[in-house]
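Below is one structure, written out as structure tokens, with a few remarks after it.
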Amino acid sequence: MPEAISPTQPQSFRRHFQNWLSWAGMVLGAAALFAFVLLFAIDLFAPAKNPYIGILAYVIAPFFFLLGVALTLLGAILHKREERRAIRLEKKHRILQIDLSRKRDRRILAAFALGAVGFLFLTALGSYETYQYTESVDFCGKRCHVPMKPQFIAAQHTAHAQVECVNCHVGPGAAAYFKTKLNGVRQLYHTVLGDFDRPIYITGETRPDQEICLQCHWPNRYVGTVDRTYQHYLSDEANTPFAVRLLLNVGGGEPSRGPVGGIHWHMNIANKVEYIATDKDAETIPWVRVTNAQGQTTEYRTDVFKGEPSQHEIRRMDCLDCHSRPAHNVMPPNDAVDVSIAAGRIDPKIPFAKAKVVAALTQPYTSEQEALQAIATSLRTAYPDAAQADPLIAEAQAIYRQNFFPEMKTNWRTHPNNIGHKDWNGCFRCHDGNHKTADGKKTISANDCNSCHLILAQGSGEELKKLNANGYPFFHIDAEFSEFSCTTCHTGGPQLP
């Protein structure tokens, strides 16, 4: 099959590519080019857009194409070097030539052709399957996105657990899709280098648009009132239960479907709400502007807000301003332990069970392994009886794995959840009594609890059966209630004195 030529024969530059290494490089390059065209076609015609196809089509496929070109050139360089050596030694040099009249050559060519076609088929199949895999939650959470471990685990415990990541993190329209695709390539770059932020925060570029939420959630729906019971336990020796049953006045913002009011008054349907935030998490809001259905505008500001609104970025309120952790909520340890006690996974008869578990969870740890060992040691010291300690340790460690990520410096403190107002200011960012009009005649409502919810019953045991249709005033079981913000004492962690 290789044919010898003498140095005096007419020579062509193409002869240097007549070797198996160069041919293999050509097949690899052709397969990469084929994969690029296939992925580009899928990206163009697929009904659902995948931002990570940019990594496959514009990073991985070109890499293998360049690798194929490199192998082709390497084969040619090695062939040329061998030819020069043969000339220097006055020997005949062999080049790869196929003579179809010879049975052996036909077999070798057929095997090579079959291998090349098979490789192209596997390339097509692999490209398509990889495309499908990059759309999966498993890919986003476990494979390429090691930094996404907190978001991946937290998502498994929310109402959006069965929603694929790309369904929420790709905005509508070509511009949003192109931006997300570039962001996917950037994420790959930082993941490879390991220089990503710890923790990872939502930025203006990565914050999902409200239109994404509206693909599934109908803003015009009138919800009315919703009956909810919140079960809590005190951090005392008896783990005293304390529940609040209330009607949440969700209401609605569409006048044609019901009275405009309640929590969804803010839906920007009949009303337009704008604000200025002075921090990245929008936890400090010193200026608010409300435009009603008639076009009348009212501005509210706190005493600390100076200057003109035009000097700041004015944001329009949307779903994520309240639903700030809709799919990746990391639970505060107090709430997580309350859920475990209510579900029977922690025995409330164990003295100080809640206080001890919360204290063990909230110590500063540098790694998950260190935390799990320290939690076990702490609880075994507090409860020498293995019958008490073992199930308590198992549940405490499970809570830690689901809500604490020391390697990514992520826990409930790092990402505010602004639904409600217990552990984060939430509603009280604006409804604090400090936002007033310039003439001081109007104030954004504050401490008007019944505008958003009506307490039907509170306490435990028989007290929860005493329903009051007119609503009870809220009382605090272990402290005298007065006009203060919940977050003054409730931090999500160990109870402050």
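For the structure tokens, the naming scheme is as follows: chains receive sequential letters (A, B, ...) according to their order of presentation, residues are indexed from 1 within each chain, and ligands are indexed from 1 in presentation order.
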With 10 Å as the cut-off and only C-alpha atoms counted, what is the closest atom pair between each nearby residue of segment 376-455 of chain A and segment 251-266 of chain A? Distances in Å to one decimal, ordered by chain and number, as a Markdown table.
```
| residue | atom | partner | partner_atom | distance |
| --- | --- | --- | --- | --- |
| A:Cys427 | CA | A:Ile263 | CA | 9.6 |
| A:Asn450 | CA | A:Gly262 | CA | 9.6 |
| A:Ser451 | CA | A:Gly262 | CA | 6.5 |
| A:Cys452 | CA | A:Gly262 | CA | 5.6 |
| A:His453 | CA | A:Gly262 | CA | 8.5 |
```
Excluding same-chain residues fewer than 2 positions from Pro406 of chain A, what lies within 12 Å of it counting only C-alpha atoms, as a list in words? Pro147, Lys149, Pro150, Arg198, Pro199, Leu361, Thr362, Gln363, Pro364, Tyr365, Thr366, Ser367, Glu368, Gln369, Glu370, Ala371, Leu372, Tyr400, Arg401, Gln402, Asn403, Phe404, Met408, Lys409, Thr410, Asn411, Trp412 and Thr414 of chain A
Choose the residue, out of A:Gly29, A:Pro208, A:Pro333, A:Gly461, that has the smallest atom-to-atom separation from Leu320 of chain A; count only C-alpha atoms.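 Smallest separation from Leu320 of chain A among the options: A:Pro208.
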DSSP helix (DSSP H, G or I) residues within segment 158-332 of chain A, listed as an MDAnalysis selection string: chainID A and resid 165:169 174:193 210:213 263:267 309:311 319:321
Excluding Phe428 of chain A and any residue of its chain fewer than 5 positions from it, enumerate the residues within 10 Å of it, using only C-alpha atoms, and give them as a list in words.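 What passes the distance filter is Glu283, Thr284, Ile285, Asn418, Gly420, His421, Lys422, Gly433, Asn434, Ser445, Ala446, Asn447, Ser485, Cys486 and Thr487 of chain A.
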Quick one: residues within 9 Å of Leu467 of chain A, only C-alpha atoms counted, chain neighbours fewer than 3 positions away excluded, as a ChimeraX atom specification? /A:245,455-458,463-464,470-472
For the selection just defined, write its residues with C-alpha atoms to a file, as a tab-separated table (two decimals), in the first residue's frame.
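Final output, again22.tsv:
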```tsv
chain	number	residue	atom	x	y	z
A	245	ARG	CA	-53.62	30.71	61.41
A	455	ILE	CA	-55.41	36.45	62.05
A	456	LEU	CA	-58.12	33.83	62.62
A	457	ALA	CA	-56.45	32.07	65.55
A	458	GLN	CA	-53.09	31.88	67.27
A	463	GLU	CA	-56.61	28.25	71.22
A	464	LEU	CA	-56.38	27.33	67.54
A	470	ASN	CA	-63.13	39.70	62.62
A	471	GLY	CA	-59.49	38.85	63.30
A	472	TYR	CA	-57.33	38.90	66.41
```
Shell around segment 305-313 of chain A at 12 Å using only C-alpha atoms, local window under 4 positions removed, as a ChimeraX atom specification: /A:204,274-280,282,284-289,299-301,434-436,438
For the selection you just gave me, I'd like the residues written to a file as a PDB file, in the first residue's frame, keeping C-alpha atoms.
```
ATOM      1  CA  GLY A 204     -28.821  42.793  36.403  1.00  0.00           C
ATOM      2  CA  GLU A 274     -41.418  52.372  40.867  1.00  0.00           C
ATOM      3  CA  TYR A 275     -38.625  52.625  43.407  1.00  0.00           C
ATOM      4  CA  ILE A 276     -34.977  53.445  44.032  1.00  0.00           C
ATOM      5  CA  ALA A 277     -32.757  50.981  45.902  1.00  0.00           C
ATOM      6  CA  THR A 278     -29.440  51.996  47.386  1.00  0.00           C
ATOM      7  CA  ASP A 279     -28.016  48.463  47.703  1.00  0.00           C
ATOM      8  CA  LYS A 280     -27.593  45.518  45.329  1.00  0.00           C
ATOM      9  CA  ALA A 282     -32.842  46.099  47.066  1.00  0.00           C
ATOM     10  CA  THR A 284     -32.965  49.605  51.361  1.00  0.00           C
ATOM     11  CA  ILE A 285     -35.615  51.538  49.415  1.00  0.00           C
ATOM     12  CA  PRO A 286     -35.719  55.252  50.303  1.00  0.00           C
ATOM     13  CA  TRP A 287     -37.885  56.450  47.376  1.00  0.00           C
ATOM     14  CA  VAL A 288     -41.130  55.136  45.869  1.00  0.00           C
ATOM     15  CA  ARG A 289     -43.373  56.485  43.118  1.00  0.00           C
ATOM     16  CA  GLU A 299     -43.899  60.218  45.315  1.00  0.00           C
ATOM     17  CA  TYR A 300     -42.832  58.965  48.737  1.00  0.00           C
ATOM     18  CA  ARG A 301     -39.415  59.303  50.278  1.00  0.00           C
ATOM     19  CA  ASN A 434     -41.115  56.400  57.103  1.00  0.00           C
ATOM     20  CA  HIS A 435     -42.029  56.925  53.431  1.00  0.00           C
ATOM     21  CA  LYS A 436     -43.947  60.190  53.131  1.00  0.00           C
ATOM     22  CA  ALA A 438     -43.104  66.015  50.317  1.00  0.00           C
TER      23      ALA A 438
END
```
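Computed from the coordinates, the atom CA of Ala336 of chain A to atom CA of Ile350 of chain A distance equals 17.0 Å.
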Sorted by chain and rising residue number, which residues of segment 273-369 of chain A lie within 10 Å of segment 152-157 of chain A, and what are their closest atom pairs and distances in Å to one decimal, counting only C-alpha atoms, as a Markdown table?
```
| residue | atom | partner | partner_atom | distance |
| --- | --- | --- | --- | --- |
| A:Arg325 | CA | A:Ala155 | CA | 9.7 |
| A:Pro326 | CA | A:Ala155 | CA | 8.8 |
| A:Ala327 | CA | A:Ala155 | CA | 5.2 |
| A:His328 | CA | A:Ala155 | CA | 4.7 |
| A:Asn329 | CA | A:Ala154 | CA | 5.8 |
| A:Val330 | CA | A:Ala154 | CA | 5.9 |
| A:Met331 | CA | A:Ala154 | CA | 8.5 |
```
With N, CA and C atoms retained, export the selected residues as a PDB file, in the first residue's frame.
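Contents of the output file out.pdb:
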```pdb
ATOM      1  N   ARG A 325     -36.959  34.679  46.028  1.00  0.00           N
ATOM      2  CA  ARG A 325     -36.354  33.337  45.980  1.00  0.00           C
ATOM      3  C   ARG A 325     -37.415  32.318  45.565  1.00  0.00           C
ATOM      4  N   PRO A 326     -37.966  32.451  44.363  1.00  0.00           N
ATOM      5  CA  PRO A 326     -39.079  31.584  43.981  1.00  0.00           C
ATOM      6  C   PRO A 326     -38.685  30.132  43.752  1.00  0.00           C
ATOM      7  N   ALA A 327     -37.438  29.890  43.348  1.00  0.00           N
ATOM      8  CA  ALA A 327     -37.038  28.514  42.999  1.00  0.00           C
ATOM      9  C   ALA A 327     -35.778  28.064  43.706  1.00  0.00           C
ATOM     10  N   HIS A 328     -35.128  28.941  44.450  1.00  0.00           N
ATOM     11  CA  HIS A 328     -33.858  28.580  45.098  1.00  0.00           C
ATOM     12  C   HIS A 328     -33.830  29.072  46.539  1.00  0.00           C
ATOM     13  N   ASN A 329     -34.914  28.828  47.247  1.00  0.00           N
ATOM     14  CA  ASN A 329     -35.002  29.348  48.609  1.00  0.00           C
ATOM     15  C   ASN A 329     -34.188  28.501  49.579  1.00  0.00           C
ATOM     16  N   VAL A 330     -33.245  29.130  50.253  1.00  0.00           N
ATOM     17  CA  VAL A 330     -32.476  28.479  51.313  1.00  0.00           C
ATOM     18  C   VAL A 330     -33.153  28.829  52.635  1.00  0.00           C
ATOM     19  N   MET A 331     -33.660  27.834  53.324  1.00  0.00           N
ATOM     20  CA  MET A 331     -34.475  28.087  54.516  1.00  0.00           C
ATOM     21  C   MET A 331     -33.630  28.569  55.690  1.00  0.00           C
TER      22      MET A 331
END
```
With DSSP run on the backbone, what are the strand (DSSP E) residues within segment 311-474 of chain A? I'd like them as an MDAnalysis selection string. chainID A and resid 315:316 453:459
Rounded to one decimal place, report the atom CA of Asn220 of chain A-atom CA of Arg207 of chain A distance in Å. 22.9 Å
Which residues come within 10 Å of segment 230-243 of chain A, counting only C-alpha atoms, excluding same-chain residues fewer than 5 positions away, as an MDAnalysis selection string? chainID A and resid 334:335 337:339 341:342 347:358 457:461 463:464 476:478 494:495
Expected file contents, prior selection, N, CA and C atoms, as a short mmCIF file (atom, residue, chain, number, x, y, z; two decimals), in the first residue's frame:
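What ended up in again_5.cif:
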```
data_model
loop_
_atom_site.label_atom_id
_atom_site.label_comp_id
_atom_site.auth_asym_id
_atom_site.auth_seq_id
_atom_site.Cartn_x
_atom_site.Cartn_y
_atom_site.Cartn_z
N ASN A 334 -34.12 28.36 61.81
CA ASN A 334 -35.30 28.34 62.68
C ASN A 334 -36.50 27.73 61.97
N ASP A 335 -36.74 28.16 60.74
CA ASP A 335 -37.89 27.64 59.99
C ASP A 335 -37.69 26.17 59.62
N VAL A 337 -36.00 23.89 61.21
CA VAL A 337 -36.19 23.05 62.40
C VAL A 337 -37.68 22.99 62.76
N ASP A 338 -38.40 24.12 62.61
CA ASP A 338 -39.85 24.10 62.85
C ASP A 338 -40.53 23.08 61.96
N VAL A 339 -40.15 23.03 60.69
CA VAL A 339 -40.74 22.08 59.74
C VAL A 339 -40.44 20.65 60.17
N ILE A 341 -39.79 19.51 63.20
CA ILE A 341 -40.56 19.16 64.41
C ILE A 341 -42.02 18.89 64.03
N ALA A 342 -42.60 19.77 63.22
CA ALA A 342 -44.00 19.60 62.82
C ALA A 342 -44.21 18.30 62.04
N ASP A 347 -38.19 15.01 67.64
CA ASP A 347 -39.12 14.78 68.75
C ASP A 347 -39.18 16.03 69.63
N PRO A 348 -40.35 16.69 69.72
CA PRO A 348 -40.45 17.91 70.54
C PRO A 348 -40.33 17.64 72.04
N LYS A 349 -40.36 16.36 72.43
CA LYS A 349 -40.21 16.03 73.84
C LYS A 349 -38.75 16.07 74.29
N ILE A 350 -37.81 16.14 73.36
CA ILE A 350 -36.40 16.26 73.72
C ILE A 350 -36.16 17.68 74.23
N PRO A 351 -35.71 17.86 75.46
CA PRO A 351 -35.54 19.20 76.03
C PRO A 351 -34.61 20.07 75.17
N PHE A 352 -35.05 21.29 74.92
CA PHE A 352 -34.26 22.28 74.17
C PHE A 352 -33.83 21.77 72.79
N ALA A 353 -34.60 20.86 72.20
CA ALA A 353 -34.21 20.29 70.90
C ALA A 353 -34.04 21.38 69.85
N LYS A 354 -34.99 22.30 69.76
CA LYS A 354 -34.89 23.33 68.74
C LYS A 354 -33.67 24.22 68.97
N ALA A 355 -33.50 24.68 70.18
CA ALA A 355 -32.38 25.58 70.48
C ALA A 355 -31.04 24.91 70.21
N LYS A 356 -30.91 23.65 70.60
CA LYS A 356 -29.63 22.95 70.43
C LYS A 356 -29.32 22.71 68.96
N VAL A 357 -30.34 22.30 68.21
CA VAL A 357 -30.11 22.03 66.79
C VAL A 357 -29.78 23.32 66.04
N VAL A 358 -30.54 24.39 66.29
CA VAL A 358 -30.27 25.66 65.62
C VAL A 358 -28.87 26.17 65.96
N ALA A 457 -56.73 32.71 64.26
CA ALA A 457 -56.45 32.07 65.55
C ALA A 457 -54.95 32.03 65.73
N GLN A 458 -54.52 31.96 66.99
CA GLN A 458 -53.09 31.88 67.27
C GLN A 458 -52.87 31.24 68.64
N GLY A 459 -51.74 30.58 68.76
CA GLY A 459 -51.41 29.88 69.99
C GLY A 459 -51.22 28.40 69.73
N SER A 460 -51.80 27.55 70.57
CA SER A 460 -51.69 26.11 70.41
C SER A 460 -52.88 25.43 71.06
N GLY A 461 -53.08 24.17 70.70
CA GLY A 461 -54.16 23.39 71.32
C GLY A 461 -55.52 24.00 71.08
N GLU A 463 -56.61 26.87 71.70
CA GLU A 463 -56.61 28.25 71.22
C GLU A 463 -56.79 28.32 69.71
N LEU A 464 -56.27 27.32 68.99
CA LEU A 464 -56.38 27.33 67.54
C LEU A 464 -57.78 27.02 67.05
N HIS A 476 -47.36 38.48 70.85
CA HIS A 476 -46.09 37.77 70.85
C HIS A 476 -46.00 36.93 72.11
N ILE A 477 -45.76 35.63 71.92
CA ILE A 477 -45.89 34.72 73.05
C ILE A 477 -44.77 34.88 74.09
N ASP A 478 -43.59 35.29 73.66
CA ASP A 478 -42.50 35.35 74.63
C ASP A 478 -41.89 36.75 74.74
N PRO A 494 -30.31 31.73 65.74
CA PRO A 494 -30.60 31.72 67.19
C PRO A 494 -31.33 32.98 67.60
N GLN A 495 -32.30 32.82 68.46
CA GLN A 495 -33.13 33.96 68.88
C GLN A 495 -32.30 34.98 69.65
#
```
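Distance annotation: of A:Thr488, A:Asn268, A:Thr225, A:Ser22, the residue with the minimal separation from Leu248 of chain A is A:Thr225; atom set is only C-alpha atoms.
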Length of the atom CA of Ser340 of chain A to atom CA of Ile419 of chain A vector [Å]: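 If I compute the distance from atom CA of Ser340 of chain A to atom CA of Ile419 of chain A, I get 20.9 Å.
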